[in-house]
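*Asks:* Coordinates in model-v4.cif, mmCIF, C-alpha atoms, are listed below.
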```cif
data_query
loop_
_atom_site.label_atom_id
_atom_site.label_comp_id
_atom_site.auth_asym_id
_atom_site.auth_seq_id
_atom_site.Cartn_x
_atom_site.Cartn_y
_atom_site.Cartn_z
CA ALA S 1 0.00 0.00 0.00
CA GLU S 2 1.08 3.58 -0.62
CA VAL S 3 0.73 6.42 1.89
CA VAL S 4 0.18 10.08 0.95
CA ASN S 5 0.49 13.21 3.08
CA VAL S 6 -2.84 14.97 2.54
CA THR S 7 -3.94 18.52 3.31
CA THR S 8 -7.31 19.41 4.80
CA GLY S 9 -7.27 22.76 3.01
CA ARG S 10 -7.62 24.39 6.43
CA GLY S 11 -4.03 24.21 7.67
CA GLN S 12 -3.86 20.60 8.89
CA PHE S 13 -2.27 17.55 7.28
CA PHE S 14 -2.78 13.80 7.72
CA TRP S 15 -1.53 10.49 6.32
CA MET S 16 -3.75 8.53 3.97
CA TYR S 17 -3.21 5.03 2.59
CA VAL S 18 -4.27 4.65 -1.06
CA PHE S 19 -4.18 2.01 -3.79
CA PRO S 20 -0.93 1.78 -5.81
CA HIS S 21 -2.60 0.77 -9.08
CA ARG S 22 -3.70 3.41 -11.58
CA VAL S 23 -6.69 1.69 -13.20
CA ARG S 24 -10.31 0.98 -12.19
CA SER S 25 -12.26 3.39 -10.02
CA ASP S 26 -10.20 2.70 -6.87
CA GLY S 27 -7.00 3.51 -8.71
CA ILE S 28 -8.46 6.63 -10.35
CA ILE S 29 -9.51 8.05 -6.98
CA SER S 30 -6.16 7.11 -5.42
CA ASN S 31 -4.42 8.80 -8.35
CA ARG S 32 -6.44 11.97 -7.72
CA ILE S 33 -5.46 11.93 -4.03
CA ARG S 34 -1.79 11.47 -4.96
CA GLY S 35 -1.87 14.24 -7.54
CA ARG S 36 -3.77 16.86 -5.53
CA ARG S 37 -2.60 15.86 -2.03
CA GLU S 38 -6.18 16.19 -0.81
CA GLY S 39 -8.88 13.68 0.10
CA TYR S 40 -11.78 12.83 -2.18
CA CYS S 41 -14.31 14.38 0.20
CA LEU S 42 -17.53 16.08 -0.84
CA GLN S 43 -17.32 19.85 -0.30
CA GLN S 44 -20.91 19.85 0.93
CA PHE S 45 -19.89 17.46 3.72
CA GLN S 46 -16.99 19.72 4.70
CA ASP S 47 -19.19 22.82 4.72
CA GLU S 48 -21.90 21.14 6.80
CA ALA S 49 -19.35 19.72 9.25
CA VAL S 50 -17.90 23.18 9.86
CA ARG S 51 -21.40 24.68 10.19
CA ARG S 52 -22.53 22.05 12.67
CA PHE S 53 -19.29 22.27 14.68
CA GLU S 54 -19.65 26.04 14.98
CA ALA S 55 -23.32 25.65 15.98
CA LEU S 56 -22.30 23.28 18.78
CA GLN S 57 -19.76 25.78 20.08
CA LYS S 58 -22.42 28.50 20.21
CA GLN S 59 -24.85 26.30 22.13
CA THR S 60 -22.54 25.82 25.10
CA GLY S 61 -23.08 28.41 27.78
CA HIS S 62 -21.70 26.07 30.43
CA GLY S 63 -18.85 23.64 29.96
CA PRO S 64 -17.42 22.12 26.76
CA ALA S 65 -19.55 21.41 23.70
CA ARG S 66 -20.46 17.82 22.91
CA PRO S 67 -18.34 16.30 20.13
CA LEU S 68 -19.41 16.62 16.54
CA ARG S 69 -21.14 13.28 15.73
CA LEU S 70 -20.63 11.79 12.28
CA ILE S 71 -21.81 8.54 10.70
CA GLU S 72 -20.76 7.43 7.23
CA ALA S 73 -22.02 4.47 5.22
CA GLY S 74 -19.57 3.67 2.45
CA PRO S 75 -16.60 5.83 3.48
CA HIS S 76 -14.32 4.15 0.92
CA LEU S 77 -10.75 5.13 1.89
CA GLY S 78 -12.07 7.31 4.71
CA ASP S 79 -11.42 10.67 3.06
CA CYS S 80 -14.21 12.61 4.82
CA LEU S 81 -13.85 11.16 8.32
CA LEU S 82 -10.05 11.43 8.23
CA TRP S 83 -10.49 15.06 7.14
CA ALA S 84 -12.90 15.71 10.03
CA ALA S 85 -10.59 14.06 12.56
CA ALA S 86 -7.70 16.23 11.40
CA VAL S 87 -9.71 19.47 11.31
CA PHE S 88 -11.69 19.17 14.54
CA GLY S 89 -9.55 16.87 16.68
CA ALA S 90 -9.91 13.12 17.26
CA ASP S 91 -6.56 12.08 18.77
CA SER S 92 -6.85 8.52 20.11
CA ARG S 93 -4.09 9.27 22.65
CA LYS S 94 -6.39 11.70 24.46
CA SER S 95 -9.31 10.89 26.71
CA LYS S 96 -12.80 10.45 25.24
CA GLU S 97 -13.82 13.69 26.98
CA GLN S 98 -11.21 15.61 24.96
CA LEU S 99 -12.42 14.43 21.55
CA LYS S 100 -13.96 17.15 19.39
CA VAL S 101 -15.48 14.71 16.90
CA ARG S 102 -16.84 11.16 17.19
CA SER S 103 -17.14 9.16 13.98
CA THR S 104 -18.56 5.78 13.00
CA ALA S 105 -17.83 4.31 9.57
CA ILE S 106 -19.30 1.18 8.01
CA GLU S 107 -17.51 -0.24 4.95
CA PRO S 108 -17.86 -3.74 3.44
CA VAL S 109 -14.88 -4.01 1.04
CA ASP S 110 -11.90 -5.81 2.57
CA GLN S 111 -9.08 -3.98 0.78
CA VAL S 112 -10.67 -0.59 1.42
CA VAL S 113 -11.18 -1.35 5.12
CA ASP S 114 -7.52 -2.37 5.36
CA ARG S 115 -6.30 0.96 3.96
CA PHE S 116 -8.73 3.04 6.00
CA ARG S 117 -7.67 1.21 9.17
CA ARG S 118 -3.99 1.83 8.38
CA SER S 119 -4.74 5.54 7.92
CA ILE S 120 -6.52 5.68 11.28
CA LEU S 121 -3.53 4.08 13.02
CA ALA S 122 -0.94 6.18 11.18
CA ASN S 123 -2.62 9.38 12.41
CA ASN S 124 -3.57 8.16 15.90
CA PHE S 125 -7.19 9.04 15.12
CA ASP S 126 -10.17 7.82 17.10
CA ILE S 127 -12.60 6.56 14.42
CA ASP S 128 -14.95 3.60 14.94
CA LEU S 129 -14.56 1.58 11.71
CA ARG S 130 -16.91 -1.39 11.22
CA HIS S 131 -16.33 -4.01 8.52
CA ALA S 132 -19.87 -4.85 7.38
CA TRP S 133 -22.60 -4.41 4.81
CA LEU S 134 -25.36 -2.04 5.88
CA GLY S 135 -28.99 -2.91 5.29
CA GLU S 136 -32.47 -3.00 6.76
CA LYS S 137 -31.79 -6.00 9.02
CA SER S 138 -28.73 -7.59 10.62
CA ARG S 139 -27.69 -11.02 9.34
CA ASP S 140 -24.69 -13.14 10.28
CA LEU S 141 -23.58 -15.02 7.18
CA GLY S 142 -21.18 -17.32 9.03
CA PRO S 143 -17.42 -17.58 9.54
CA ASP S 144 -15.19 -15.53 7.23
CA LYS S 145 -18.20 -13.78 5.69
CA THR S 146 -18.76 -10.05 5.96
CA PRO S 147 -21.99 -9.64 7.97
CA TRP S 148 -25.02 -7.51 7.18
CA VAL S 149 -25.90 -5.05 9.91
CA ALA S 150 -28.68 -2.56 10.52
CA LEU S 151 -27.44 0.79 11.78
CA ASP S 152 -29.91 0.60 14.68
CA ASP S 153 -28.08 -2.51 15.91
CA ILE S 154 -24.67 -0.82 16.14
CA ILE S 155 -25.52 2.72 17.28
CA PRO S 156 -26.58 2.66 20.96
CA ARG S 157 -29.92 4.27 21.81
CA ASP S 158 -28.22 6.54 24.35
CA ASP S 159 -25.62 7.72 21.84
CA GLY S 160 -27.17 11.16 21.37
CA ASP S 161 -27.93 13.26 18.31
CA VAL S 162 -26.13 12.87 14.98
CA ASP S 163 -24.80 15.91 13.16
CA ILE S 164 -24.19 14.35 9.73
CA PHE S 165 -25.22 10.97 8.33
CA LYS S 166 -23.59 10.44 4.93
CA ILE S 167 -24.43 7.56 2.57
CA HIS S 168 -22.47 6.71 -0.58
CA THR S 169 -22.75 2.95 -1.07
CA ASN S 170 -23.50 2.46 -4.78
CA GLY S 171 -26.76 0.71 -3.97
CA GLY S 172 -29.11 -0.14 -1.11
CA GLU S 173 -29.44 3.42 0.16
CA ARG S 174 -33.13 3.17 1.09
CA ALA S 175 -32.58 -0.12 2.96
CA ILE S 176 -29.80 1.56 4.96
CA LEU S 177 -32.23 4.30 6.02
CA ASP S 178 -34.89 1.69 6.85
CA GLY S 179 -32.33 0.02 9.10
CA ALA S 180 -31.96 3.33 10.97
CA LYS S 181 -35.64 4.01 11.76
CA THR S 182 -35.04 3.95 15.51
CA LEU S 183 -32.18 6.40 15.15
CA PHE S 184 -34.41 8.82 13.26
CA SER S 185 -37.38 8.40 15.61
CA THR S 186 -35.52 8.77 18.90
CA ARG S 187 -32.78 11.28 18.11
CA LYS S 188 -32.15 14.26 15.92
CA VAL S 189 -30.16 13.59 12.75
CA HIS S 190 -29.37 17.13 11.69
CA VAL S 191 -28.01 16.60 8.17
CA VAL S 192 -28.36 13.64 5.79
CA LEU S 193 -26.32 13.36 2.58
CA VAL S 194 -27.16 10.60 0.10
CA HIS S 195 -25.46 9.97 -3.23
CA SER S 196 -27.04 7.51 -5.66
CA ALA S 197 -27.02 6.71 -9.35
CA GLU S 198 -30.22 4.62 -9.14
CA ASP S 199 -33.49 6.48 -9.54
CA HIS S 200 -35.53 4.19 -7.26
CA GLN S 201 -32.88 4.38 -4.54
CA LEU S 202 -32.53 8.14 -4.64
CA TRP S 203 -36.27 8.69 -4.64
CA GLY S 204 -36.77 6.01 -1.98
CA SER S 205 -34.28 7.84 0.22
CA ALA S 206 -35.96 11.17 -0.52
CA ALA S 207 -39.38 9.75 0.40
CA PHE S 208 -38.04 8.36 3.69
CA LEU S 209 -36.72 11.80 4.65
CA LEU S 210 -39.70 13.79 3.36
CA ASP S 211 -41.99 11.60 5.48
CA ARG S 212 -39.97 12.75 8.50
CA GLY S 213 -40.27 16.44 7.72
CA TYR S 214 -36.82 17.04 6.27
CA THR S 215 -36.13 19.89 3.85
CA LEU S 216 -34.59 18.36 0.73
CA THR S 217 -32.54 19.63 -2.18
CA ILE S 218 -30.85 17.80 -5.03
CA ASN S 219 -28.02 19.72 -6.66
CA GLY S 220 -29.41 22.84 -4.98
CA LYS S 221 -32.99 22.40 -6.24
CA PRO S 222 -35.81 21.99 -3.65
CA ILE S 223 -37.58 18.62 -3.66
CA ALA S 224 -41.17 17.90 -2.53
CA LYS S 225 -43.35 14.79 -2.42
CA LYS S 226 -44.83 15.64 -5.83
CA ASP S 227 -41.40 15.46 -7.53
CA GLU S 228 -40.92 11.69 -7.82
CA ALA S 229 -41.09 11.60 -11.62
CA LEU S 230 -38.81 14.63 -11.92
CA VAL S 231 -36.15 13.18 -9.61
CA LYS S 232 -36.15 9.86 -11.43
CA LYS S 233 -35.85 11.70 -14.75
CA TRP S 234 -32.84 13.66 -13.46
CA VAL S 235 -31.07 10.48 -12.34
CA LYS S 236 -31.61 8.79 -15.70
CA GLU S 237 -30.32 11.87 -17.53
CA LYS S 238 -27.41 12.82 -15.30
CA GLY S 239 -26.38 9.64 -13.49
CA GLY S 240 -25.33 9.97 -9.84
CA LEU S 241 -26.93 12.81 -7.91
CA GLN S 242 -26.41 14.22 -4.41
CA LEU S 243 -29.35 14.57 -2.04
CA HIS S 244 -29.04 17.04 0.86
CA ALA S 245 -31.54 16.90 3.72
CA LEU S 246 -31.93 19.15 6.76
CA HIS S 247 -33.84 18.20 9.90
CA PRO S 248 -36.99 20.30 10.44
CA ASP S 249 -35.37 21.82 13.54
CA ALA S 250 -32.02 22.35 11.80
CA GLN S 251 -29.82 25.19 13.00
#
```
Let me see the structure of the file written as structure tokens.
*Replies:*
Amino acid sequence: AEVVNVTTGRGQFFWMYVFPHRVRSDGIISNRIRGRREGYCLQQFQDEAVRRFEALQKQTGHGPARPLRLIEAGPHLGDCLLWAAAVFGADSRKSKEQLKVRSTAIEPVDQVVDRFRRSILANNFDIDLRHAWLGEKSRDLGPDKTPWVALDDIIPRDDGDVDIFKIHTNGGERAILDGAKTLFSTRKVHVVLVHSAEDHQLWGSAAFLLDRGYTLTINGKPIAKKDEALVKKWVKEKGGLQLHALHPDAQ
């Protein structure tokens, strides 16, 4: 594996393990990271993370703010959560009380998990990385098989609110949300980001969030319950699209 010193664009740097090969999608993304010395992290995620972190700081009249809480389904090489750990502070050598960000990542692909885990260790970051497929229900497939898990089965009920829940899994996005119904019904998930290239998955995810009162946009355009045909048309015309959702009480 190859390691690259990557900038956050905000004055911090961190180590990131990438793929050495130059072909296929994994190699293309790794090539981009090598060439630019920056992670392949959605700018919208970065902007929302900064906004939510600043909002948490303003809310604290007494004592320290709670850590920024991030969950990512399909983090790939970990670009976004490594970026957040470097920017906000998630040093595993410090006490849990000193962490400024708490992150959970769920990734099913063995080689990707290996590189992400190496990056976490190289930087002494505190990131909870789970090797699993995410879906509506948990299923143990037996020894040496990557299990299926529902998010509700791995995020404790007393874990508190979530600032950003990001999904980029190349399939199964609606099932992942269905596996997090308890999370959405018992806590506040401030921001949800879903990327999908499948029209039924993107609209299924949109419908899940609209039913819970979220304000939705796709590529900056507002989305309502009447827009199913329009959203599916956009996906077929443009391919992968990014859905952005804000909780009804979003700050």
*Asks:* Please evaluate the PyMOL selection byres ((chain S and resi 84-98) around 6) against the displayed coordinates and give the resulting residues as a compact mmCIF listing (two decimals) with C-alpha atoms, in the coordinates of the input.
*Replies:*
```
# COMPACT_ATOMS: atom_id res chain seq x y z
CA LEU S 81 -13.85 11.16 8.32
CA LEU S 82 -10.05 11.43 8.23
CA TRP S 83 -10.49 15.06 7.14
CA LEU S 99 -12.42 14.43 21.55
CA LYS S 100 -13.96 17.15 19.39
CA VAL S 101 -15.48 14.71 16.90
CA ASN S 124 -3.57 8.16 15.90
CA PHE S 125 -7.19 9.04 15.12
CA ASP S 126 -10.17 7.82 17.10
```
*Asks:* Exactly which residues make up the result of the PyMOL selection byres ((chain S and resi 118) around 12) on this file, given as number ranges by chain?
*Replies:* S: 1-4, 15-18, 77-78, 82, 111-117, 119-125, 127, 129
*Asks:* With only C-alpha atoms as the counted atoms, please give the residues lying no more than 12 Å from Leu210 of chain S, apart from itself and same-chain residues fewer than 2 positions off, as a ChimeraX atom specification.
*Replies:* /S:192,203-208,212-217,222-228,243-248
*Asks:* Could you pull the residues within 9 Å of segment 68-70 of chain S, counting all atoms listed in the file, minus those fewer than 6 positions along the same chain, as a list in words?
*Replies:* Ala49, Arg52, Phe53, Leu56, Leu81, Ala84, Phe88, Leu99, Lys100, Val101, Arg102, Ser103, Thr104, Ala105, Gly160, Asp161, Val162, Asp163, Ile164, Phe165 and Lys166 of chain S
*Asks:* What gap, in Å, lies between atom CA of Phe19 of chain S and atom CA of Val149 of chain S?
*Replies:*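 Between these atoms lies a distance of 26.6 Å.
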*Asks:* Work out how far apart atom CA of Arg32 of chain S and atom CA of His195 of chain S are and give it in Å to one decimal.
*Replies:*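 Separating atom CA of Arg32 of chain S from atom CA of His195 of chain S is a distance of 19.6 Å.
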*Asks:* Which polymer residues have any atom within 10 Å of an atom of Ala175 of chain S, counting all atoms listed in the file, with same-chain residues fewer than 2 positions away left out, as a PDB file with C-alpha atoms, keeping the file's coordinate frame?
*Replies:*
```pdb
ATOM      1  CA  LEU S 134     -25.360  -2.040   5.880  1.00  0.00           C
ATOM      2  CA  GLY S 135     -28.990  -2.910   5.290  1.00  0.00           C
ATOM      3  CA  GLU S 136     -32.470  -3.000   6.760  1.00  0.00           C
ATOM      4  CA  LYS S 137     -31.790  -6.000   9.020  1.00  0.00           C
ATOM      5  CA  ALA S 150     -28.680  -2.560  10.520  1.00  0.00           C
ATOM      6  CA  GLY S 171     -26.760   0.710  -3.970  1.00  0.00           C
ATOM      7  CA  GLY S 172     -29.110  -0.140  -1.110  1.00  0.00           C
ATOM      8  CA  GLU S 173     -29.440   3.420   0.160  1.00  0.00           C
ATOM      9  CA  LEU S 177     -32.230   4.300   6.020  1.00  0.00           C
ATOM     10  CA  ASP S 178     -34.890   1.690   6.850  1.00  0.00           C
ATOM     11  CA  GLY S 179     -32.330   0.020   9.100  1.00  0.00           C
ATOM     12  CA  ALA S 180     -31.960   3.330  10.970  1.00  0.00           C
ATOM     13  CA  GLN S 201     -32.880   4.380  -4.540  1.00  0.00           C
ATOM     14  CA  GLY S 204     -36.770   6.010  -1.980  1.00  0.00           C
ATOM     15  CA  SER S 205     -34.280   7.840   0.220  1.00  0.00           C
TER      16      SER S 205
END
```
*Asks:* Run the PyMOL selection byres ((chain S and resi 74) around 8) on the file and write out the hits as a list in words.
*Replies:*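 Written out, the selection comes to Glu72, Ala73, Pro75, His76, Ala105, Ile106, Glu107, Pro108, Ile167, His168 and Thr169 of chain S.
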*Asks:* Report as a list in words all protein, DNA and RNA residues lying within 12 Å of Val235 of chain S, evaluated on all atoms listed in the file, omitting residues in the same chain fewer than 2 positions from it.
*Replies:*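 Using all atoms listed in the file, the neighbours found are His195, Ser196, Ala197, Glu198, Asp199, His200, Gln201, Leu202, Trp203, Ile218, Asn219, Glu228, Ala229, Leu230, Val231, Lys232, Lys233, Glu237, Lys238, Gly239, Gly240, Leu241, Gln242 and Leu243 of chain S.
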*Asks:* Quick one: distance from atom CA of Ala132 of chain S to atom CA of Asp153 of chain S in Å, one decimal?
*Replies:*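 For atom CA of Ala132 of chain S relative to atom CA of Asp153 of chain S, the distance reads 12.1 Å.
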